[in-house]
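K.L.:
This is the structure I want to talk about, given as structure tokens.
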Amino acid sequence: MRWWCLLGLYLLGALSLAAVAGESLPEPMALADALRLARDQVPRRLQAEAERMTGVAAVRESAALEGVHLTLGGELRLIQPSSLATNQDHNGSLAHLLLEKRLYDAGYSTARETAAQARLEAGQWRVRAARQEQALAIMQAFYDVLLADLAFARDNEAMSVAYVRLDGERDRLELGQLSALDLLALESRYEEAHRAQLRSAARQRTVRSRLALVLGRPGELSSELVMPDIEVEAPSGETFETFWDQVRECHPRLRALVAELRAARAVLAAARASRGPVLSARVEAGAWHRRTGSTHPLAGGVHVEWPLLDAGRREAAVVRAEAALTRAQAAWQAGLQEVRQQALEAWLARETLAAELKSLQGEEDYRDLYLDHSRALYEQEIKTDLGDAMVRISEVRLKMAQVRFDWALNEARLRAMTGELLEDLP
């Protein structure tokens, strides 16, 4: 029944992957679409899946150590029988069937199984971490595309304003109301605005290509993305230490490091237990072409092996396992310190980003009023800086979008640290 369930899950996953692979990206594309349609055939996820599969193989290998082994053997040979033997047949061919089961090995098999299970658990947490990393990379790339589009709109607007201003001042040059030096200064500002617009256009293509890569769909560039509605919430009253307790308990990377530490301890235990006796039950059936008084069709018994001298091979294995345990302990401590610092920075960033957005909202209100004032003067045919005002408000809105995206990405990182998957974000 278990294998039928596993087969059903495998087929369901394969059908889901096939559906995702065959579905094209929508136009326009929302962030939820990008997360849903992302393929898992990206290097980081493939590497994590390979680690998990290695753990599966280790579990099967450790289970096989204590399992029942059945071996069929045979031999074709010619012999010269002793002159005292009653059977002088020269054909000494034989076949035998050996059934063997390990009964006791001083804890070696148990330690091997514990290490294999821990490695499998670590691989599963690595897969989860890779899925989180891909989701965060998709969010980052998605927001980068939107910011590139906003930056292009701003730079395109600035270039248009510079061109209109330059074109109008050429008439004044012909009338002698403007010096050639002043006109060159305007031309220089226009060329600078044009270069900025070209850089923004190139960035639009670059960030779209990066989004396609993190989606696992190289070459599939989305021309239009849906601007997400992001509400920046005030920081909650939860303390950092409470949040850190959740992170320490559920962070996929830390869980993987803990599992790897447990595996290293079990490997060391297995290396030490390998110096003990091994007790096995054996049943053997044999068939001989040349039968004598010492041949027997069936035999059974208990087999004991106890290594006494191995030239230091097992001692070397113990030292190697101790070194691996030390590395695992160091990796866990380093990971714990790094994750705690990341968690603290992300936690503090919530308040900083909320305050920054509030400040930008005040600036946006000012720019809106100033734009209305410049537009009114323009309609009254009074000289105004309407074009500059439009560029400034585009700049403010770009900054506000940047802060909102930073806040949303920071919130996603905080959720990922507590082990939450991010593929189904609204």
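Ordering of the structure tokens sets the chain letters (A, B, ...), residue numbers begin anew at 1 in every chain, and ligands are numbered from 1 in the order given.
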Contacts between segment 112-119 of chain A and segment 213-329 of chain A, please, where a residue of segment 213-329 of chain A counts if it comes within 8 Å (with only C-alpha atoms); show its shortest atom pair and distance in Å to one decimal, rows by chain and ascending number, as JSON lines.
P.N.:
```
{"residue": "A:Ala259", "atom": "CA", "partner": "A:Ala118", "partner_atom": "CA", "distance": 5.1}
{"residue": "A:Glu260", "atom": "CA", "partner": "A:Arg119", "partner_atom": "CA", "distance": 6.0}
{"residue": "A:Arg262", "atom": "CA", "partner": "A:Ala118", "partner_atom": "CA", "distance": 6.3}
{"residue": "A:Ala263", "atom": "CA", "partner": "A:Ala115", "partner_atom": "CA", "distance": 4.1}
{"residue": "A:Ala264", "atom": "CA", "partner": "A:Ala115", "partner_atom": "CA", "distance": 6.9}
{"residue": "A:Arg265", "atom": "CA", "partner": "A:Ala115", "partner_atom": "CA", "distance": 7.7}
{"residue": "A:Ala266", "atom": "CA", "partner": "A:Ala115", "partner_atom": "CA", "distance": 5.0}
{"residue": "A:Val267", "atom": "CA", "partner": "A:Ala115", "partner_atom": "CA", "distance": 5.9}
{"residue": "A:Ala270", "atom": "CA", "partner": "A:Arg112", "partner_atom": "CA", "distance": 6.0}
```
K.L.:
Since we have the selection now, will you write its residues out, keeping N, CA and C atoms, as a CSV table (one decimal), in the first residue's frame?
P.N.:
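Saved to out-v6.csv:
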```
chain,number,residue,atom,x,y,z
A,259,ALA,N,20.4,18.6,11.7
A,259,ALA,CA,20.3,17.2,11.2
A,259,ALA,C,21.7,16.7,10.8
A,260,GLU,N,22.5,17.6,10.1
A,260,GLU,CA,23.8,17.2,9.7
A,260,GLU,C,24.7,17.0,10.9
A,262,ARG,N,23.6,15.9,13.8
A,262,ARG,CA,23.2,14.6,14.4
A,262,ARG,C,23.8,13.4,13.5
A,263,ALA,N,23.8,13.6,12.2
A,263,ALA,CA,24.4,12.6,11.4
A,263,ALA,C,25.9,12.4,11.6
A,264,ALA,N,26.6,13.5,11.9
A,264,ALA,CA,28.0,13.4,12.2
A,264,ALA,C,28.3,12.6,13.5
A,265,ARG,N,27.4,12.9,14.5
A,265,ARG,CA,27.6,12.1,15.7
A,265,ARG,C,27.3,10.6,15.5
A,266,ALA,N,26.3,10.3,14.7
A,266,ALA,CA,26.0,8.9,14.4
A,266,ALA,C,27.1,8.2,13.6
A,267,VAL,N,27.7,9.0,12.7
A,267,VAL,CA,28.9,8.4,11.9
A,267,VAL,C,30.0,8.1,12.9
A,270,ALA,N,29.2,5.0,14.7
A,270,ALA,CA,29.3,3.8,13.8
A,270,ALA,C,30.8,3.4,13.7
```
K.L.:
For segment 311-315 of chain A, find every residue with an atom within 8 Å (counting only C-alpha atoms), except residues of its own chain fewer than 4 positions away, and show them as an mmCIF file with N, CA and C atoms, in the first residue's frame.
P.N.:
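Final file, part.cif:
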```cif
data_model
loop_
_atom_site.group_PDB
_atom_site.id
_atom_site.type_symbol
_atom_site.label_atom_id
_atom_site.label_comp_id
_atom_site.auth_asym_id
_atom_site.auth_seq_id
_atom_site.Cartn_x
_atom_site.Cartn_y
_atom_site.Cartn_z
ATOM 1 N N ALA A 271 31.682 4.429 13.564
ATOM 2 C CA ALA A 271 33.114 4.155 13.424
ATOM 3 C C ALA A 271 33.658 3.466 14.673
ATOM 4 N N ARG A 272 33.197 3.885 15.840
ATOM 5 C CA ARG A 272 33.657 3.249 17.079
ATOM 6 C C ARG A 272 33.086 1.835 17.212
ATOM 7 N N SER A 274 32.436 -0.204 14.852
ATOM 8 C CA SER A 274 32.950 -1.114 13.825
ATOM 9 C C SER A 274 34.061 -2.012 14.355
ATOM 10 N N ARG A 275 34.574 -1.721 15.556
ATOM 11 C CA ARG A 275 35.625 -2.550 16.156
ATOM 12 C C ARG A 275 35.054 -3.721 16.959
ATOM 13 N N VAL A 319 39.066 8.811 13.770
ATOM 14 C CA VAL A 319 39.650 10.165 13.707
ATOM 15 C C VAL A 319 38.973 10.981 12.611
#
```
K.L.:
Using only C-alpha atoms, determine which residues lie at most 10 Å from Pro26 of chain A, disregarding the query and same-chain residues fewer than 6 positions distant; provide the list as a ChimeraX atom specification.
P.N.:
/A:33-34,37,222-225
K.L.:
Do you know which residues are at most 10 Å from Glu284 of chain A counting only C-alpha atoms, after dropping those on the same chain fewer than 4 positions away, and could you put them as JSON, numbers by chain?
P.N.:
{"A": [70, 71, 72, 96, 97, 98, 99, 100, 296, 297, 298, 299, 300, 301]}
K.L.:
Could you dump the residues just selected with N, CA and C atoms as an mmCIF file, in the first residue's frame?
P.N.:
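The file below, again_17.cif, is the result:
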```cif
data_model
loop_
_atom_site.group_PDB
_atom_site.id
_atom_site.type_symbol
_atom_site.label_atom_id
_atom_site.label_comp_id
_atom_site.auth_asym_id
_atom_site.auth_seq_id
_atom_site.Cartn_x
_atom_site.Cartn_y
_atom_site.Cartn_z
ATOM 1 N N LEU A 70 20.331 -13.030 0.213
ATOM 2 C CA LEU A 70 20.267 -14.340 -0.433
ATOM 3 C C LEU A 70 21.220 -14.326 -1.617
ATOM 4 N N THR A 71 22.179 -15.237 -1.612
ATOM 5 C CA THR A 71 23.223 -15.252 -2.636
ATOM 6 C C THR A 71 23.258 -16.617 -3.312
ATOM 7 N N LEU A 72 23.288 -16.597 -4.620
ATOM 8 C CA LEU A 72 23.427 -17.822 -5.408
ATOM 9 C C LEU A 72 24.821 -17.839 -6.015
ATOM 10 N N HIS A 96 25.726 -23.347 -4.837
ATOM 11 C CA HIS A 96 25.261 -23.201 -3.460
ATOM 12 C C HIS A 96 24.384 -21.956 -3.340
ATOM 13 N N LEU A 97 23.450 -22.011 -2.395
ATOM 14 C CA LEU A 97 22.532 -20.905 -2.103
ATOM 15 C C LEU A 97 22.727 -20.536 -0.639
ATOM 16 N N LEU A 98 23.067 -19.232 -0.398
ATOM 17 C CA LEU A 98 23.389 -18.789 0.957
ATOM 18 C C LEU A 98 22.376 -17.746 1.406
ATOM 19 N N LEU A 99 21.723 -18.012 2.537
ATOM 20 C CA LEU A 99 20.791 -17.075 3.174
ATOM 21 C C LEU A 99 21.444 -16.570 4.458
ATOM 22 N N GLU A 100 21.546 -15.229 4.570
ATOM 23 C CA GLU A 100 22.287 -14.661 5.692
ATOM 24 C C GLU A 100 21.544 -13.471 6.270
ATOM 25 N N HIS A 296 27.522 -31.860 1.932
ATOM 26 C CA HIS A 296 26.231 -31.867 2.612
ATOM 27 C C HIS A 296 25.267 -30.945 1.854
ATOM 28 N N PRO A 297 24.025 -31.355 1.631
ATOM 29 C CA PRO A 297 23.073 -30.548 0.871
ATOM 30 C C PRO A 297 22.529 -29.360 1.645
ATOM 31 N N LEU A 298 22.540 -29.375 2.938
ATOM 32 C CA LEU A 298 21.938 -28.299 3.732
ATOM 33 C C LEU A 298 22.721 -28.104 5.014
ATOM 34 N N ALA A 299 22.940 -26.810 5.381
ATOM 35 C CA ALA A 299 23.667 -26.498 6.611
ATOM 36 C C ALA A 299 23.156 -25.183 7.169
ATOM 37 N N GLY A 300 23.235 -24.991 8.439
ATOM 38 C CA GLY A 300 22.812 -23.748 9.081
ATOM 39 C C GLY A 300 23.579 -23.530 10.358
ATOM 40 N N GLY A 301 23.683 -22.268 10.767
ATOM 41 C CA GLY A 301 24.403 -21.992 11.996
ATOM 42 C C GLY A 301 24.565 -20.512 12.230
#
```
K.L.:
Please, what distance in Å, to one decimal, runs between atom CA of Leu211 of chain A and atom CA of Arg199 of chain A?
P.N.:
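Distance between the two atoms: 18.3 Å.
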K.L.:
Once DSSP has gone over the backbone, tell me which residues of segment 142-298 of chain A are in strand (DSSP E), as an NGL selection string.
P.N.:
:A and (278-288 or 298)
K.L.:
Next, write the just-selected residues to a file, as a compact mmCIF listing (two decimals), in the first residue's frame, keeping N, CA and C atoms as the atom set.
P.N.:
```txt
# COMPACT_ATOMS: atom_id res chain seq x y z
N VAL A 278 30.61 -9.11 15.07
CA VAL A 278 29.44 -9.17 14.18
C VAL A 278 28.92 -10.60 14.22
N LEU A 279 27.64 -10.77 14.61
CA LEU A 279 27.01 -12.07 14.73
C LEU A 279 25.95 -12.19 13.65
N SER A 280 26.03 -13.25 12.83
CA SER A 280 25.10 -13.43 11.72
C SER A 280 24.57 -14.86 11.73
N ALA A 281 23.31 -15.02 11.29
CA ALA A 281 22.71 -16.35 11.10
C ALA A 281 22.83 -16.71 9.63
N ARG A 282 23.24 -17.96 9.35
CA ARG A 282 23.45 -18.40 7.97
C ARG A 282 22.77 -19.74 7.74
N VAL A 283 22.13 -19.88 6.59
CA VAL A 283 21.57 -21.14 6.10
C VAL A 283 22.07 -21.33 4.69
N GLU A 284 22.66 -22.51 4.41
CA GLU A 284 23.26 -22.75 3.10
C GLU A 284 22.78 -24.08 2.54
N ALA A 285 22.38 -24.04 1.27
CA ALA A 285 22.00 -25.26 0.55
C ALA A 285 22.99 -25.43 -0.60
N GLY A 286 23.49 -26.65 -0.78
CA GLY A 286 24.50 -26.87 -1.81
C GLY A 286 24.20 -28.08 -2.66
N ALA A 287 24.72 -28.06 -3.88
CA ALA A 287 24.61 -29.21 -4.79
C ALA A 287 25.99 -29.44 -5.40
N TRP A 288 26.49 -30.69 -5.29
CA TRP A 288 27.82 -31.04 -5.78
C TRP A 288 27.69 -32.11 -6.86
N LEU A 298 22.54 -29.38 2.94
CA LEU A 298 21.94 -28.30 3.73
C LEU A 298 22.72 -28.10 5.01
```
K.L.:
Which value, in Å to one decimal, gives the distance between atom CA of Trp125 of chain A and atom CA of Ala256 of chain A?
P.N.:
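Those two atoms sit 5.3 Å apart.
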K.L.:
Write out as a VMD selection string all residues of segment 218-424 of chain A that backbone DSSP assigns to helix (DSSP H, G or I).
P.N.:
chain A and resid 240 to 250 252 to 273 313 to 379 386 to 417
K.L.:
Using atom CA of Ala273 of chain A and atom CA of Glu121 of chain A as the two end points, give the distance in Å to one decimal.
P.N.:
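We find that atom CA of Ala273 of chain A and atom CA of Glu121 of chain A lie 23.2 Å from each other.
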K.L.:
Excluding Ala58 of chain A and any residue of its chain fewer than 2 positions from it, enumerate the residues within 8 Å of it, using only C-alpha atoms, and give them as a CSV table (one decimal) with C-alpha atoms, in the first residue's frame.
P.N.:
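What landed in result_27.csv:
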```
chain,number,residue,atom,x,y,z
A,54,THR,CA,21.7,11.0,-1.7
A,55,GLY,CA,20.0,10.8,1.7
A,56,VAL,CA,17.4,8.4,0.3
A,60,ARG,CA,18.2,2.3,1.8
A,61,GLU,CA,21.8,1.3,2.1
A,62,SER,CA,21.7,1.3,5.9
A,116,ALA,CA,21.3,8.0,7.1
A,117,GLN,CA,18.0,9.2,8.4
A,119,ARG,CA,21.2,13.0,6.3
A,120,LEU,CA,17.8,12.5,4.6
```
K.L.:
Mind checking which residues fall within 9 Å of Glu49 of chain A, counting only C-alpha atoms, ignoring those fewer than 4 positions away in the same chain, and posting them as a list in words?
P.N.:
Arg44, Arg45, Met53, Thr54, Gly123, Gln124, Arg126, Val127 and Ala130 of chain A
K.L.:
Looking at only C-alpha atoms, which of A:Arg290, A:Tyr143, A:Ala202, A:Glu23 is the one that sits closest to Arg77 of chain A?
P.N.:
A:Arg290
K.L.:
Could you check the closest approach to Thr110 of chain A for each of A:Leu65, A:Thr239, A:Pro28, A:Glu249 and tell me which residue wins, using only C-alpha atoms?
P.N.:
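Checking each candidate against Thr110 of chain A, we get A:Leu65 as the closest.
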K.L.:
Which residue gives the smallest distance to Ala334 of chain A among A:Val258, A:Ser109, A:Leu353, A:Leu147, with only C-alpha atoms counted?
P.N.:
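For Ala334 of chain A, the nearest of the candidates is A:Val258.
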